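Asker: Sharing start-v3.txt (compact mmCIF, C-alpha atoms) below.
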```txt
# COMPACT_ATOMS: atom_id res chain seq x y z
CA MET C 242 0.00 0.00 0.00
CA HIS C 243 1.37 3.40 -1.00
CA LYS C 244 -0.01 6.72 0.27
CA ALA C 245 0.33 10.11 -1.42
CA GLY C 246 -1.43 13.44 -1.25
CA PHE C 247 -1.35 17.22 -1.23
CA VAL C 248 -1.11 18.87 2.20
CA ASN C 249 -1.65 22.59 1.78
CA ILE C 250 -0.72 25.20 4.39
CA VAL C 251 -2.88 28.34 4.58
CA GLY C 252 -3.52 31.15 7.03
CA ASN C 253 -3.10 34.86 7.60
CA PRO C 254 0.25 36.67 7.28
CA ASN C 255 3.01 36.23 9.85
CA VAL C 256 1.58 33.24 11.72
CA GLY C 257 4.56 30.98 10.93
CA LYS C 258 3.44 29.06 7.82
CA SER C 259 6.85 29.14 6.13
CA THR C 260 8.69 28.14 9.31
CA LEU C 261 6.32 25.20 9.66
CA MET C 262 6.78 24.25 6.00
CA ASN C 263 10.56 24.18 6.39
CA GLN C 264 10.29 22.03 9.53
CA LEU C 265 7.95 19.54 7.86
CA VAL C 266 10.01 19.23 4.70
CA GLY C 267 13.34 19.23 6.51
CA GLU C 268 14.80 21.69 4.02
CA ARG C 269 14.86 25.45 3.74
CA ILE C 270 12.28 25.88 0.98
CA SER C 271 10.33 29.00 1.98
CA ILE C 272 11.42 32.45 3.11
CA ALA C 273 10.82 32.73 6.84
CA THR C 274 11.41 36.21 8.28
CA PHE C 275 9.84 38.36 10.97
CA LYS C 276 8.14 40.48 8.31
CA ALA C 277 4.65 39.78 6.99
CA GLN C 278 3.86 38.96 3.36
CA THR C 279 7.25 37.38 2.70
CA THR C 280 5.80 34.42 0.78
CA ARG C 281 4.43 35.54 -2.60
CA HIS C 282 4.13 32.25 -4.47
CA ARG C 283 2.72 28.83 -3.78
CA ILE C 284 5.78 26.69 -3.08
CA MET C 285 5.75 22.89 -2.95
CA GLY C 286 8.07 20.81 -0.79
CA ILE C 287 7.99 17.04 -1.25
CA VAL C 288 8.67 14.44 1.45
CA ASN C 289 9.28 10.88 0.24
CA THR C 290 9.56 7.49 1.90
CA ASP C 291 9.32 4.03 0.33
CA ASP C 292 5.58 3.81 0.94
CA MET C 293 4.54 7.48 1.04
CA GLN C 294 4.81 10.86 -0.66
CA ILE C 295 3.60 14.06 1.01
CA VAL C 296 3.40 17.13 -1.22
CA PHE C 297 3.35 20.15 1.09
CA SER C 298 2.41 23.60 -0.24
CA ASP C 299 3.30 26.87 1.45
CA THR C 300 1.07 29.77 0.40
CA PRO C 301 1.01 33.56 0.79
CA GLY C 302 -0.72 34.98 3.83
CA VAL C 303 -4.40 35.75 3.28
CA LEU C 304 -5.06 39.49 2.97
CA LYS C 305 -7.38 42.03 1.42
CA PRO C 306 -5.62 42.86 -1.87
CA ASN C 307 -4.71 46.49 -2.56
CA TYR C 308 -3.01 45.94 -5.94
CA LYS C 309 -2.64 43.22 -8.57
CA LEU C 310 0.34 41.50 -6.96
CA GLN C 311 -1.70 40.93 -3.80
CA GLU C 312 -4.63 39.70 -5.92
CA SER C 313 -2.32 37.04 -7.37
CA MET C 314 -1.04 36.16 -3.90
CA LEU C 315 -4.61 35.68 -2.64
CA ALA C 316 -5.40 33.54 -5.69
CA PHE C 317 -2.51 31.22 -4.77
CA SER C 318 -4.02 30.78 -1.29
CA VAL C 319 -7.54 30.15 -2.63
CA SER C 320 -6.21 27.60 -5.14
CA ALA C 321 -4.70 25.67 -2.22
CA LEU C 322 -8.24 25.01 -0.95
CA GLN C 323 -9.23 23.37 -4.20
CA ASP C 324 -6.69 20.56 -4.57
CA ALA C 325 -5.82 19.67 -0.98
CA ASP C 326 -6.18 16.18 0.46
CA VAL C 327 -5.42 17.58 3.91
CA LEU C 328 -5.55 21.27 4.84
CA LEU C 329 -3.36 22.84 7.52
CA TYR C 330 -4.91 26.12 8.69
CA VAL C 331 -2.29 27.96 10.73
CA THR C 332 -3.06 30.61 13.33
CA ASP C 333 -1.21 31.69 16.47
CA VAL C 334 -1.84 32.67 20.09
CA VAL C 335 -2.32 36.41 19.44
CA GLU C 336 -4.27 36.50 16.19
CA ASN C 337 -7.92 37.57 16.09
CA PRO C 338 -9.74 34.36 15.04
CA GLU C 339 -12.25 36.36 13.00
CA LYS C 340 -9.63 38.05 10.82
CA ASN C 341 -10.33 37.57 7.09
CA MET C 342 -13.65 35.81 7.64
CA ASP C 343 -14.32 35.59 3.88
CA PHE C 344 -11.47 33.13 3.53
CA LEU C 345 -12.33 31.33 6.75
CA GLU C 346 -15.88 30.77 5.51
CA LYS C 347 -14.42 28.90 2.53
CA VAL C 348 -12.48 26.70 4.95
CA GLN C 349 -15.64 26.05 6.98
CA LYS C 350 -17.30 24.50 3.90
CA MET C 351 -14.48 22.06 3.15
CA THR C 352 -15.18 18.34 3.45
CA ILE C 353 -11.55 17.16 3.53
CA PRO C 354 -9.64 16.79 6.84
CA VAL C 355 -8.69 20.19 8.29
CA LEU C 356 -6.01 20.47 10.96
CA LEU C 357 -6.19 23.78 12.81
CA LEU C 358 -2.71 24.57 14.12
CA ILE C 359 -2.34 27.09 16.94
CA ASN C 360 1.27 28.13 16.47
CA LYS C 361 3.69 30.00 18.73
CA ILE C 362 2.44 28.47 21.97
CA ASP C 363 5.98 29.00 23.28
CA GLU C 364 4.99 32.67 23.62
CA LEU C 365 2.55 31.64 26.36
CA SER C 366 5.22 29.89 28.41
CA SER C 367 6.50 33.15 29.89
CA GLU C 368 3.18 33.61 31.64
CA ALA C 369 2.27 31.83 34.85
CA ASN C 370 1.60 28.19 34.00
CA LYS C 371 -2.04 28.20 35.05
CA THR C 372 -2.72 31.49 33.26
CA SER C 373 -1.17 30.26 30.01
CA GLN C 374 -3.20 27.04 30.14
CA THR C 375 -6.39 29.07 30.65
CA LYS C 376 -5.56 31.35 27.72
CA LEU C 377 -4.77 28.42 25.43
CA GLY C 378 -8.02 26.78 26.46
CA ASP C 379 -9.93 29.94 25.53
CA ILE C 380 -8.19 30.08 22.14
CA VAL C 381 -9.00 26.43 21.43
CA ALA C 382 -12.64 26.94 22.43
CA ARG C 383 -13.05 29.94 20.12
CA TRP C 384 -11.53 28.13 17.16
CA HIS C 385 -13.70 25.09 17.86
CA GLU C 386 -16.73 27.36 17.44
CA LEU C 387 -15.42 28.71 14.12
CA LEU C 388 -14.18 25.39 12.69
CA PRO C 389 -16.14 22.68 14.53
CA ASN C 390 -15.02 19.92 12.15
CA ALA C 391 -11.32 20.70 12.41
CA GLU C 392 -8.82 18.88 14.60
CA ILE C 393 -7.00 21.44 16.76
CA LEU C 394 -3.31 20.98 17.53
CA PRO C 395 -1.19 23.47 19.54
CA ILE C 396 2.35 23.68 18.12
CA SER C 397 5.52 25.75 18.11
CA ALA C 398 7.01 25.53 14.63
CA LYS C 399 10.08 27.51 15.70
CA ASN C 400 10.86 25.08 18.53
CA LYS C 401 9.55 21.99 16.64
CA PHE C 402 7.07 21.32 19.46
CA GLY C 403 4.22 19.19 18.16
CA VAL C 404 5.67 18.94 14.64
CA ASP C 405 6.42 15.20 14.85
CA MET C 406 2.91 14.55 16.18
CA LEU C 407 1.49 16.64 13.34
CA LEU C 408 3.49 14.72 10.75
CA LYS C 409 2.26 11.42 12.15
CA ARG C 410 -1.36 12.61 11.95
CA ILE C 411 -0.87 13.76 8.34
CA GLN C 412 0.48 10.31 7.46
CA GLU C 413 -2.64 8.72 8.93
CA LEU C 414 -4.93 11.00 6.90
CA LEU C 415 -3.21 10.61 3.52
CA PRO C 416 -5.21 8.68 0.90
CA GLU C 417 -3.90 5.60 -0.87
CA SER C 418 -2.33 6.73 -4.13
CA PRO C 419 0.75 6.30 -6.29
CA ALA C 420 3.38 9.05 -6.09
CA TYR C 421 2.67 12.27 -7.96
CA PHE C 422 6.33 13.21 -8.44
CA ASP C 423 9.61 11.35 -8.85
CA LYS C 424 10.81 10.05 -5.52
CA ASP C 425 14.06 12.03 -5.70
CA GLN C 426 12.28 15.35 -6.29
CA LEU C 427 12.29 17.90 -3.45
CA THR C 428 10.17 20.71 -4.92
CA ASP C 429 8.26 21.76 -8.02
CA LYS C 430 10.31 24.96 -8.39
CA PRO C 431 13.43 25.35 -10.58
CA ALA C 432 16.82 26.44 -9.24
CA ARG C 433 16.37 29.97 -10.59
CA PHE C 434 13.30 30.42 -8.37
CA PHE C 435 15.31 29.77 -5.20
CA VAL C 436 18.04 32.17 -6.33
CA SER C 437 15.41 34.91 -6.64
CA GLU C 438 13.86 34.04 -3.29
CA ILE C 439 17.18 34.02 -1.43
CA ILE C 440 18.15 37.43 -2.84
CA ARG C 441 14.70 38.78 -2.01
CA GLU C 442 14.99 37.40 1.52
CA LYS C 443 18.20 39.37 2.11
CA ILE C 444 16.47 42.52 0.86
CA LEU C 445 13.63 41.86 3.31
CA LEU C 446 16.14 41.57 6.13
CA TYR C 447 18.32 44.60 5.34
CA TYR C 448 15.87 47.26 4.13
CA ASP C 449 12.96 48.90 5.94
CA LYS C 450 9.47 50.16 5.22
CA GLU C 451 8.13 49.83 1.69
CA ILE C 452 11.38 48.93 -0.08
CA PRO C 453 11.19 45.11 0.32
CA TYR C 454 7.59 45.03 -0.90
CA SER C 455 8.42 47.07 -4.01
CA VAL C 456 11.17 44.66 -5.07
CA GLU C 457 11.17 41.68 -7.40
CA VAL C 458 14.16 39.64 -8.57
CA ARG C 459 14.73 38.02 -11.95
CA VAL C 460 17.62 35.64 -12.69
CA GLU C 461 18.89 36.38 -16.18
CA ARG C 462 21.82 33.97 -16.18
CA PHE C 463 22.28 30.69 -14.33
CA LYS C 464 25.23 28.68 -15.62
CA GLU C 465 26.19 25.64 -13.58
CA THR C 466 29.33 23.56 -13.99
CA GLU C 467 30.66 20.69 -11.93
CA LYS C 468 32.72 23.13 -9.86
CA ASN C 469 30.63 26.30 -9.52
CA ILE C 470 27.61 28.37 -10.56
CA HIS C 471 27.64 31.76 -12.29
CA ILE C 472 24.53 33.88 -11.68
CA ASN C 473 23.41 37.25 -12.99
CA ALA C 474 20.34 38.65 -11.22
CA VAL C 475 18.37 41.86 -11.69
CA ILE C 476 16.63 43.52 -8.75
CA TYR C 477 13.60 45.45 -9.97
CA VAL C 478 12.14 48.41 -8.08
CA GLU C 479 9.32 50.82 -8.90
CA ARG C 480 11.02 54.20 -8.39
CA ASP C 481 14.40 55.83 -9.07
CA SER C 482 14.55 56.78 -5.40
CA GLN C 483 14.17 53.11 -4.44
CA LYS C 484 17.00 52.20 -6.80
CA GLY C 485 19.25 54.64 -4.96
CA ILE C 486 18.32 53.13 -1.61
CA ILE C 487 18.96 49.58 -2.79
CA ILE C 488 22.39 50.50 -4.17
CA GLY C 489 23.34 52.76 -1.26
CA HIS C 490 26.24 55.18 -0.95
CA GLN C 491 29.08 54.02 -3.21
CA GLY C 492 27.24 50.73 -3.72
CA ILE C 493 27.80 49.60 -0.13
CA ALA C 494 24.19 48.48 0.54
CA LEU C 495 23.93 46.41 -2.64
CA LYS C 496 27.32 44.85 -1.98
CA LYS C 497 26.20 43.77 1.50
CA VAL C 498 23.01 42.18 0.19
CA SER C 499 24.88 40.45 -2.63
CA THR C 500 27.51 39.08 -0.25
CA GLU C 501 24.93 37.68 2.16
CA ALA C 502 22.90 36.24 -0.73
CA ARG C 503 26.01 34.59 -2.19
CA LYS C 504 26.81 32.95 1.15
CA ALA C 505 23.26 31.61 1.45
CA LEU C 506 23.28 30.39 -2.16
CA GLU C 507 26.55 28.54 -1.61
CA LYS C 508 25.00 26.78 1.35
CA PHE C 509 21.82 26.01 -0.62
CA PHE C 510 23.58 24.63 -3.72
CA ALA C 511 26.71 23.32 -1.93
CA LYS C 512 28.93 24.93 -4.56
CA PRO C 513 30.95 28.13 -4.98
CA ILE C 514 28.75 30.90 -6.39
CA PHE C 515 29.76 33.84 -8.57
CA LEU C 516 26.92 36.35 -8.20
CA GLU C 517 26.45 39.63 -10.05
CA THR C 518 23.49 41.83 -9.14
CA PHE C 519 22.04 44.80 -11.00
CA VAL C 520 19.21 47.19 -10.12
CA LYS C 521 16.62 48.40 -12.63
CA VAL C 522 13.44 50.47 -12.41
CA ASP C 523 10.19 48.89 -13.62
CA LYS C 524 7.48 51.40 -12.82
CA ASP C 525 4.38 50.01 -11.11
CA TRP C 526 5.27 46.37 -11.84
CA ARG C 527 3.06 45.30 -8.91
CA SER C 528 -0.02 46.61 -10.74
CA ASN C 529 0.88 45.49 -14.28
CA GLN C 530 -0.60 42.09 -15.11
CA ARG C 531 1.78 41.44 -17.99
CA GLU C 532 4.78 42.11 -15.75
CA LEU C 533 3.31 39.96 -12.98
CA ASP C 534 2.84 37.09 -15.43
CA SER C 535 6.48 37.40 -16.49
CA PHE C 536 7.53 37.12 -12.83
CA GLY C 537 5.45 33.97 -12.39
CA TYR C 538 2.46 35.40 -10.54
CA ASN C 539 -0.14 33.38 -12.40
CA PRO C 540 -2.03 30.90 -10.21
CA GLU C 541 -3.57 29.10 -13.20
```
Show me the file's structure as structure tokens.

Answerer:
Amino acid sequence: MHKAGFVNIVGNPNVGKSTLMNQLVGERISIATFKAQTTRHRIMGIVNTDDMQIVFSDTPGVLKPNYKLQESMLAFSVSALQDADVLLYVTDVVENPEKNMDFLEKVQKMTIPVLLLINKIDELSSEANKTSQTKLGDIVARWHELLPNAEILPISAKNKFGVDMLLKRIQELLPESPAYFDKDQLTDKPARFFVSEIIREKILLYYDKEIPYSVEVRVERFKETEKNIHINAVIYVERDSQKGIIIGHQGIALKKVSTEARKALEKFFAKPIFLETFVKVDKDWRSNQRELDSFGYNPE
């Protein structure tokens, strides 16, 4: 008997979906930072054993879209409701359970197994033990009202608390099926995608305010040999002023980002990396559907 299925991770921004995805897959697939809206695409991570294949999907945080990029991000999250065999709905100990009720109402109507994961319970441990247990009990009770058919599991993705138990429960819920992907495949994304994501992650970490959310990265050259990889990447921004901020005085800011990205890429690919980065202005790319399609923001 062989089991296989799609286990899709959804929820609001900044509740720890990407951290959980990376823990479940055992590889660093998704950007996981302290900033919201870091995940823009639907990213698959595949776990294989001899008798099982779990296809996890990380998705963007659910939000009310203000421009076309966010519309595409929401579409990725909605699509994850349509092809899941098991749904992981992630929340945390501080989130308002009634946030983004339109999306939650779609989850309420689902007939597949739904696991409601209350993440970041480690943040309750600093409180008095009895008080934290009472608060967690209140959170569980409220979510039980909203999703009465869901199984509720408290976890801490950061500390891996409850992750093994969650994985065991997912294995029990998977349907019998042949594998959907080759058994040696880790993800559905090409190498160029992870180059873009790693560079974008460093921008998220080193720049403030609107800059990270106005940035997209395109890999224009990816040449791999047995010994090393040569990469040319273009960082796109929407304004000339943003270009100046990305580059920084005498190019110092861009050099820092490029150096940190190169180090992370060398760890990811386990090879020496030669990375060249350039900055270009692409006005209002976040609201231009043709540009969004070229960057891969097409859920269909």

Asker: List the neighbours of segment 513-526 of chain C out to 7 Å using only C-alpha atoms; skip same-chain residues closer than 2 positions along the sequence, and give me the result as a VMD selection string.

Answerer: chain C and resid 469 to 481 484 499 503 506 to 507 528 to 529 532 to 533

Asker: With distances taken over all atoms listed in the file, which residue among C:Gln294, C:Gln349, C:Thr500, C:Asn253 lies nearest Ile444 of chain C?

Answerer: C:Thr500

Asker: Could you check the closest approach to Lys504 of chain C for each of C:Leu415, C:Ile440, C:Ile488, C:Leu446 and tell me which residue wins, using all atoms listed in the file?

Answerer: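 Nearest candidate to Lys504 of chain C out of C:Leu415, C:Ile440, C:Ile488, C:Leu446: C:Ile440.
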
Asker: Closest to Ile295 of chain C among C:Ala325, C:Ala420, C:Leu394, C:Ala245, using only C-alpha atoms?

Answerer: C:Ala245

Asker: Give me, as a PDB file with C-alpha atoms, in the coordinates of the input, all polymer residues having an atom no more than 12 Å from segment 375-382 of chain C, counting all atoms listed in the file and skipping those fewer than 6 positions away in the same chain.

Answerer:
```pdb
ATOM      1  CA  THR C 332      -3.060  30.610  13.330  1.00  0.00           C
ATOM      2  CA  ASP C 333      -1.210  31.690  16.470  1.00  0.00           C
ATOM      3  CA  VAL C 334      -1.840  32.670  20.090  1.00  0.00           C
ATOM      4  CA  VAL C 335      -2.320  36.410  19.440  1.00  0.00           C
ATOM      5  CA  GLU C 336      -4.270  36.500  16.190  1.00  0.00           C
ATOM      6  CA  ASN C 337      -7.920  37.570  16.090  1.00  0.00           C
ATOM      7  CA  PRO C 338      -9.740  34.360  15.040  1.00  0.00           C
ATOM      8  CA  GLU C 339     -12.250  36.360  13.000  1.00  0.00           C
ATOM      9  CA  LEU C 357      -6.190  23.780  12.810  1.00  0.00           C
ATOM     10  CA  LEU C 358      -2.710  24.570  14.120  1.00  0.00           C
ATOM     11  CA  ILE C 359      -2.340  27.090  16.940  1.00  0.00           C
ATOM     12  CA  ASN C 360       1.270  28.130  16.470  1.00  0.00           C
ATOM     13  CA  LYS C 361       3.690  30.000  18.730  1.00  0.00           C
ATOM     14  CA  ILE C 362       2.440  28.470  21.970  1.00  0.00           C
ATOM     15  CA  ASP C 363       5.980  29.000  23.280  1.00  0.00           C
ATOM     16  CA  GLU C 364       4.990  32.670  23.620  1.00  0.00           C
ATOM     17  CA  LEU C 365       2.550  31.640  26.360  1.00  0.00           C
ATOM     18  CA  SER C 366       5.220  29.890  28.410  1.00  0.00           C
ATOM     19  CA  GLU C 368       3.180  33.610  31.640  1.00  0.00           C
ATOM     20  CA  ALA C 369       2.270  31.830  34.850  1.00  0.00           C
ATOM     21  CA  LEU C 388     -14.180  25.390  12.690  1.00  0.00           C
ATOM     22  CA  PRO C 389     -16.140  22.680  14.530  1.00  0.00           C
ATOM     23  CA  ALA C 391     -11.320  20.700  12.410  1.00  0.00           C
ATOM     24  CA  GLU C 392      -8.820  18.880  14.600  1.00  0.00           C
ATOM     25  CA  ILE C 393      -7.000  21.440  16.760  1.00  0.00           C
ATOM     26  CA  LEU C 394      -3.310  20.980  17.530  1.00  0.00           C
ATOM     27  CA  PRO C 395      -1.190  23.470  19.540  1.00  0.00           C
ATOM     28  CA  ILE C 396       2.350  23.680  18.120  1.00  0.00           C
TER      29      ILE C 396
END
```

Asker: For the atom pair atom CA of Ala432 of chain C and atom CA of Phe509 of chain C, what is the interatomic distance in Å to one decimal place?

Answerer: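 So the two atoms, atom CA of Ala432 of chain C and atom CA of Phe509 of chain C, lie 10.0 Å apart.
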
Asker: Which is closest to Val436 of chain C among C:Val248, C:Trp384, C:Val458, C:Phe344, if we use only C-alpha atoms?

Answerer: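 Among C:Val248, C:Trp384, C:Val458, C:Phe344, it is C:Val458 that comes nearest to Val436 of chain C.
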
Asker: If I take atom CA of Leu328 of chain C and atom CA of Tyr538 of chain C, how far is one from the other in Å, to one decimal?

Answerer: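 Result for atom CA of Leu328 of chain C versus atom CA of Tyr538 of chain C: 22.4 Å, one decimal.
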
Asker: Could you pull the residues within 9 Å of Ser313 of chain C, counting only C-alpha atoms, minus those fewer than 4 positions along the same chain, as a compact mmCIF listing (two decimals) with C-alpha atoms, keeping the file's coordinate frame?

Answerer:
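Produced file out_24.txt, reproduced below:
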```
# COMPACT_ATOMS: atom_id res chain seq x y z
CA ARG C 281 4.43 35.54 -2.60
CA HIS C 282 4.13 32.25 -4.47
CA PRO C 306 -5.62 42.86 -1.87
CA LYS C 309 -2.64 43.22 -8.57
CA PHE C 317 -2.51 31.22 -4.77
CA SER C 318 -4.02 30.78 -1.29
CA LEU C 533 3.31 39.96 -12.98
CA TYR C 538 2.46 35.40 -10.54
CA ASN C 539 -0.14 33.38 -12.40
CA PRO C 540 -2.03 30.90 -10.21
```

Asker: Go through C:Leu495, C:Val460, C:Val355, C:Ile284 one by one, measure the shortest atom-to-atom distance of each to Tyr330 of chain C using only C-alpha atoms, and give the residue with the smallest value.

Answerer: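 Closest candidate: C:Val355.
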
Asker: Could you work out how far atom CA of Gly485 of chain C lies from atom CA of Asn255 of chain C, giving the answer in Å with one decimal?

Answerer: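 Between atom CA of Asn255 of chain C and atom CA of Gly485 of chain C the gap works out to 28.7 Å.
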
Asker: Between C:Asp324, C:Glu457, C:Glu268, C:Asp343, which is the closest to Val303 of chain C once you count all atoms listed in the file?

Answerer: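 Looking at the shortest contact to Val303 of chain C, the residue is C:Asp343.
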
Asker: Can I get segment 347-369 of chain C with N, CA and C atoms filled in, as a PDB file, keeping the file's coordinate frame?

Answerer:
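For reference, rebuild-v4.pdb as written:
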```pdb
ATOM      1  N   LYS C 347     -14.729  29.923   3.551  1.00  0.00           N
ATOM      2  CA  LYS C 347     -14.420  28.900   2.530  1.00  0.00           C
ATOM      3  C   LYS C 347     -13.873  27.643   3.198  1.00  0.00           C
ATOM      4  N   VAL C 348     -13.042  27.834   4.214  1.00  0.00           N
ATOM      5  CA  VAL C 348     -12.480  26.700   4.950  1.00  0.00           C
ATOM      6  C   VAL C 348     -13.589  25.942   5.688  1.00  0.00           C
ATOM      7  N   GLN C 349     -14.538  26.675   6.241  1.00  0.00           N
ATOM      8  CA  GLN C 349     -15.640  26.050   6.980  1.00  0.00           C
ATOM      9  C   GLN C 349     -16.440  25.068   6.119  1.00  0.00           C
ATOM     10  N   LYS C 350     -16.487  25.322   4.816  1.00  0.00           N
ATOM     11  CA  LYS C 350     -17.300  24.500   3.900  1.00  0.00           C
ATOM     12  C   LYS C 350     -16.553  23.286   3.371  1.00  0.00           C
ATOM     13  N   MET C 351     -15.280  23.142   3.710  1.00  0.00           N
ATOM     14  CA  MET C 351     -14.480  22.060   3.150  1.00  0.00           C
ATOM     15  C   MET C 351     -14.844  20.719   3.784  1.00  0.00           C
ATOM     16  N   THR C 352     -14.815  19.674   2.972  1.00  0.00           N
ATOM     17  CA  THR C 352     -15.180  18.340   3.450  1.00  0.00           C
ATOM     18  C   THR C 352     -13.960  17.448   3.673  1.00  0.00           C
ATOM     19  N   ILE C 353     -12.770  17.916   3.278  1.00  0.00           N
ATOM     20  CA  ILE C 353     -11.550  17.160   3.530  1.00  0.00           C
ATOM     21  C   ILE C 353     -11.090  17.374   4.970  1.00  0.00           C
ATOM     22  N   PRO C 354     -10.163  16.562   5.475  1.00  0.00           N
ATOM     23  CA  PRO C 354      -9.640  16.790   6.840  1.00  0.00           C
ATOM     24  C   PRO C 354      -8.950  18.153   6.954  1.00  0.00           C
ATOM     25  N   VAL C 355      -9.304  18.897   7.991  1.00  0.00           N
ATOM     26  CA  VAL C 355      -8.690  20.190   8.290  1.00  0.00           C
ATOM     27  C   VAL C 355      -8.030  20.107   9.660  1.00  0.00           C
ATOM     28  N   LEU C 356      -6.734  20.405   9.695  1.00  0.00           N
ATOM     29  CA  LEU C 356      -6.010  20.470  10.960  1.00  0.00           C
ATOM     30  C   LEU C 356      -5.766  21.933  11.283  1.00  0.00           C
ATOM     31  N   LEU C 357      -6.350  22.404  12.378  1.00  0.00           N
ATOM     32  CA  LEU C 357      -6.190  23.780  12.810  1.00  0.00           C
ATOM     33  C   LEU C 357      -4.998  23.841  13.769  1.00  0.00           C
ATOM     34  N   LEU C 358      -3.958  24.542  13.346  1.00  0.00           N
ATOM     35  CA  LEU C 358      -2.710  24.570  14.120  1.00  0.00           C
ATOM     36  C   LEU C 358      -2.565  25.901  14.826  1.00  0.00           C
ATOM     37  N   ILE C 359      -2.552  25.877  16.148  1.00  0.00           N
ATOM     38  CA  ILE C 359      -2.340  27.090  16.940  1.00  0.00           C
ATOM     39  C   ILE C 359      -0.845  27.191  17.198  1.00  0.00           C
ATOM     40  N   ASN C 360      -0.175  28.021  16.428  1.00  0.00           N
ATOM     41  CA  ASN C 360       1.270  28.130  16.470  1.00  0.00           C
ATOM     42  C   ASN C 360       1.739  29.121  17.536  1.00  0.00           C
ATOM     43  N   LYS C 361       3.016  29.077  17.819  1.00  0.00           N
ATOM     44  CA  LYS C 361       3.690  30.000  18.730  1.00  0.00           C
ATOM     45  C   LYS C 361       3.231  29.860  20.174  1.00  0.00           C
ATOM     46  N   ILE C 362       2.884  28.638  20.577  1.00  0.00           N
ATOM     47  CA  ILE C 362       2.440  28.470  21.970  1.00  0.00           C
ATOM     48  C   ILE C 362       3.600  28.690  22.942  1.00  0.00           C
ATOM     49  N   ASP C 363       4.832  28.688  22.425  1.00  0.00           N
ATOM     50  CA  ASP C 363       5.980  29.000  23.280  1.00  0.00           C
ATOM     51  C   ASP C 363       5.888  30.414  23.831  1.00  0.00           C
ATOM     52  N   GLU C 364       5.142  31.296  23.139  1.00  0.00           N
ATOM     53  CA  GLU C 364       4.990  32.670  23.620  1.00  0.00           C
ATOM     54  C   GLU C 364       4.097  32.754  24.850  1.00  0.00           C
ATOM     55  N   LEU C 365       3.371  31.680  25.147  1.00  0.00           N
ATOM     56  CA  LEU C 365       2.550  31.640  26.360  1.00  0.00           C
ATOM     57  C   LEU C 365       3.345  31.160  27.565  1.00  0.00           C
ATOM     58  N   SER C 366       4.488  30.526  27.313  1.00  0.00           N
ATOM     59  CA  SER C 366       5.220  29.890  28.410  1.00  0.00           C
ATOM     60  C   SER C 366       5.807  30.883  29.393  1.00  0.00           C
ATOM     61  N   SER C 367       5.939  32.144  28.980  1.00  0.00           N
ATOM     62  CA  SER C 367       6.500  33.150  29.890  1.00  0.00           C
ATOM     63  C   SER C 367       5.476  33.579  30.945  1.00  0.00           C
ATOM     64  N   GLU C 368       4.219  33.277  30.667  1.00  0.00           N
ATOM     65  CA  GLU C 368       3.180  33.610  31.640  1.00  0.00           C
ATOM     66  C   GLU C 368       3.147  32.532  32.738  1.00  0.00           C
ATOM     67  N   ALA C 369       2.455  32.840  33.803  1.00  0.00           N
ATOM     68  CA  ALA C 369       2.270  31.830  34.850  1.00  0.00           C
ATOM     69  C   ALA C 369       1.619  30.597  34.224  1.00  0.00           C
TER      70      ALA C 369
END
```
